[in-house]
Amino acid sequence: MLEARGVLLDDMVEILDQLQRPYNPDMPRSLCEEHILAVLRKQQTFHALQLAIKIDTAVEAKEFNPQYNHIVGMDEGLFGVDESIATAVPLMYGTIALTNFGYLDKAKIGIIEQLDSDHADGKCNTFIDDMVCGIVAAACGRLAHNHTPTYSKPLK
């Protein structure tokens, strides 16, 4: 589904690597891929992703009324349903994931920027760009919590 919308696994791995490298400079890049894939395997991720893509494609096909097609198609500033659906994914992985979602939604790194700015020929990426933010942010949280230094772990 992601590839059909122009998002490759490596696009998300690249963003995760960029975000986590400062905290874990020796990590193999394959670790980033492992955590992205783990997030993608979650049923809740699949459901949110399926819904997001369906809404974007329905707007492209003009299946909604003209006002809604316009609001979603232009990703108007006060329309926040896309972020609400996408946050379902990082919410499963704690505050690190959620704060990374907010950062990615604002910074628009890599494929996120490409999706956000691609409105050519009636293209709608209003939901999918936020879903990519959510998936990468969740992987940030997952990676961080699974690879913490010994001194950061709870005392016995």
# chains A, B, ... in the order shown; residues from 1 in each chain; ligands from 1
>>> select_by_dssp(residues="stretch 16-95 of chain A", states="helix (DSSP H, G or I)", output="VMD selection string")
chain A and resid 16 to 20 29 to 41 43 to 60 66 to 73 81 to 86 90 to 95
>>> closest_atom_pairs(of="stretch 26-138 of chain A", to="stretch 4-15 of chain A", cutoff="8 Å", atoms="only C-alpha atoms", output="JSON lines")
{"residue": "A:Arg29", "atom": "CA", "partner": "A:Val13", "partner_atom": "CA", "distance": 7.8}
{"residue": "A:Cys32", "atom": "CA", "partner": "A:Val13", "partner_atom": "CA", "distance": 5.6}
{"residue": "A:Glu33", "atom": "CA", "partner": "A:Val13", "partner_atom": "CA", "distance": 5.5}
{"residue": "A:Ile36", "atom": "CA", "partner": "A:Val13", "partner_atom": "CA", "distance": 6.8}
{"residue": "A:Ile109", "atom": "CA", "partner": "A:Ile15", "partner_atom": "CA", "distance": 6.9}
{"residue": "A:Gly110", "atom": "CA", "partner": "A:Ile15", "partner_atom": "CA", "distance": 6.7}
{"residue": "A:Ile111", "atom": "CA", "partner": "A:Asp11", "partner_atom": "CA", "distance": 6.1}
{"residue": "A:Ile128", "atom": "CA", "partner": "A:Arg5", "partner_atom": "CA", "distance": 7.9}
{"residue": "A:Val132", "atom": "CA", "partner": "A:Met12", "partner_atom": "CA", "distance": 7.2}
{"residue": "A:Val136", "atom": "CA", "partner": "A:Met12", "partner_atom": "CA", "distance": 6.2}
>>> residues_around(residues="A:Tyr68", least_positions_apart="6", cutoff="10 Å", atoms="only C-alpha atoms", output="list in words")
Val59, Lys62 and Met74 of chain A
>>> closest_residue(among="A:His145, A:Met1, A:Pro22, A:Pro28", to="A:Phe46", atoms="only C-alpha atoms")
A:Met1
>>> closest_residue(among="A:Ala139, A:Leu19, A:Phe64, A:Ala107", to="A:His35", atoms="only C-alpha atoms")
A:Ala139
>>> residues_around(residues="stretch 84-89 of chain A", least_positions_apart="2", cutoff="12 Å", atoms="only C-alpha atoms", output="ChimeraX atom specification")
/A:36,38-53,55,79-82,91-95,97-102,104-105,126-142
>>> atom_distance(atom1="atom CA of A:Gly73", atom2="atom CA of A:Lys106")
18.6 Å
>>> atom_distance(atom1="atom CA of A:Leu115", atom2="atom CA of A:Glu3")
12.3 Å
